[in-house]
Amino acid sequence: MSKTIDFLNSLDHRELAYFYKYKSKSYTKPTQEVIENYLFQKRGMNIEYLERLLTEKKKKDDTHSCPRCGSSKLRRDRVEVLNNSSSKGSQIAGLDQYSSGRVIYDSNVICNVCGFWISDVNDQGPRQKSSILERIFDFFIRL
Ligand SMILES: [Zn+2]
């Protein structure tokens, strides 16, 4: 649990607001409680304050920051580029990979604060699909 606290300690108020809104719900219940205790007890924040932070304009940031929350705490995951018809990866890999037989790597870039996928090489990130059904449907379409 202290890893969670260490991470929370590294975030500024704005980042905490985005983290709470977009990412905290993806944690297990006990961890969510740790997060809420941290925000509301230890840091003395409240929902109104967090919501106000979410509506504040982002500082003008360079390209190395998340377009949603403005944080520069990004994670890069090196992944093998797969060939599936709709992904950005297949457009890059396209001819190259399959004519030469070599494996191509690229990086998924994911915001550590709000979980936003900035770069999604193989289209595997959480899309804006609203329901599990849609995802299942999508899965069968790809088969
Ligand atoms: Zn973000």
# chains A, B, ... in the order shown; residues from 1 in each chain; ligands from 1
>>> closest_atom_pairs(of="chain A", to="ligand 1", cutoff="7 Å", atoms="only C-alpha atoms and all ligand atoms", output="JSON lines")
{"residue": "A:Cys66", "atom": "CA", "partner": "ligand 1", "partner_atom_place_in_ligand_line": "1 (Zn)", "distance": 4.5}
{"residue": "A:Pro67", "atom": "CA", "partner": "ligand 1", "partner_atom_place_in_ligand_line": "1 (Zn)", "distance": 6.6}
{"residue": "A:Arg68", "atom": "CA", "partner": "ligand 1", "partner_atom_place_in_ligand_line": "1 (Zn)", "distance": 5.1}
{"residue": "A:Cys69", "atom": "CA", "partner": "ligand 1", "partner_atom_place_in_ligand_line": "1 (Zn)", "distance": 4.1}
{"residue": "A:Gly70", "atom": "CA", "partner": "ligand 1", "partner_atom_place_in_ligand_line": "1 (Zn)", "distance": 6.0}
{"residue": "A:Ser71", "atom": "CA", "partner": "ligand 1", "partner_atom_place_in_ligand_line": "1 (Zn)", "distance": 5.6}
{"residue": "A:Cys111", "atom": "CA", "partner": "ligand 1", "partner_atom_place_in_ligand_line": "1 (Zn)", "distance": 4.6}
{"residue": "A:Asn112", "atom": "CA", "partner": "ligand 1", "partner_atom_place_in_ligand_line": "1 (Zn)", "distance": 6.7}
{"residue": "A:Val113", "atom": "CA", "partner": "ligand 1", "partner_atom_place_in_ligand_line": "1 (Zn)", "distance": 5.1}
{"residue": "A:Cys114", "atom": "CA", "partner": "ligand 1", "partner_atom_place_in_ligand_line": "1 (Zn)", "distance": 4.1}
{"residue": "A:Gly115", "atom": "CA", "partner": "ligand 1", "partner_atom_place_in_ligand_line": "1 (Zn)", "distance": 5.9}
{"residue": "A:Phe116", "atom": "CA", "partner": "ligand 1", "partner_atom_place_in_ligand_line": "1 (Zn)", "distance": 5.3}
>>> write_last_selection(atoms="N, CA and C atoms", output="JSON list (two decimals), in the first residue's frame")
[["chain", "number", "residue", "atom", "x", "y", "z"],
["A", 66, "CYS", "N", 0.38, 14.87, -21.14],
["A", 66, "CYS", "CA", -0.90, 14.25, -21.46],
["A", 66, "CYS", "C", -1.90, 15.30, -21.94],
["A", 67, "PRO", "N", -2.55, 15.07, -23.08],
["A", 67, "PRO", "CA", -3.51, 16.05, -23.58],
["A", 67, "PRO", "C", -4.75, 16.20, -22.69],
["A", 68, "ARG", "N", -5.03, 15.20, -21.88],
["A", 68, "ARG", "CA", -6.21, 15.30, -21.03],
["A", 68, "ARG", "C", -5.91, 16.04, -19.73],
["A", 69, "CYS", "N", -4.86, 15.63, -19.01],
["A", 69, "CYS", "CA", -4.64, 16.23, -17.69],
["A", 69, "CYS", "C", -3.43, 17.14, -17.64],
["A", 70, "GLY", "N", -2.60, 17.12, -18.67],
["A", 70, "GLY", "CA", -1.46, 18.02, -18.70],
["A", 70, "GLY", "C", -0.24, 17.51, -17.96],
["A", 71, "SER", "N", -0.33, 16.33, -17.39],
["A", 71, "SER", "CA", 0.80, 15.81, -16.63],
["A", 71, "SER", "C", 1.89, 15.31, -17.57],
["A", 111, "CYS", "N", -0.69, 7.77, -19.92],
["A", 111, "CYS", "CA", -0.54, 8.71, -18.82],
["A", 111, "CYS", "C", -0.65, 7.97, -17.49],
["A", 112, "ASN", "N", 0.34, 8.16, -16.64],
["A", 112, "ASN", "CA", 0.36, 7.49, -15.34],
["A", 112, "ASN", "C", -0.65, 8.09, -14.37],
["A", 113, "VAL", "N", -1.07, 9.31, -14.67],
["A", 113, "VAL", "CA", -1.95, 10.01, -13.74],
["A", 113, "VAL", "C", -3.42, 9.70, -14.03],
["A", 114, "CYS", "N", -3.84, 9.91, -15.28],
["A", 114, "CYS", "CA", -5.27, 9.73, -15.57],
["A", 114, "CYS", "C", -5.54, 8.51, -16.44],
["A", 115, "GLY", "N", -4.50, 7.82, -16.88],
["A", 115, "GLY", "CA", -4.69, 6.59, -17.63],
["A", 115, "GLY", "C", -5.00, 6.79, -19.10],
["A", 116, "PHE", "N", -4.89, 8.02, -19.59],
["A", 116, "PHE", "CA", -5.16, 8.32, -20.99],
["A", 116, "PHE", "C", -4.09, 7.70, -21.89]]
>>> residues_around(residues="Lys42 of chain A", least_positions_apart="4", cutoff="12 Å", atoms="only C-alpha atoms", output="PyMOL selection string")
chain A and resi 5+8-9+34-38+46
>>> atom_distance(atom1="atom CA of Glu33 of chain A", atom2="atom CA of Val109 of chain A")
27.8 Å
>>> atom_distance(atom1="atom CA of Asp120 of chain A", atom2="atom CA of Asn108 of chain A")
5.0 Å
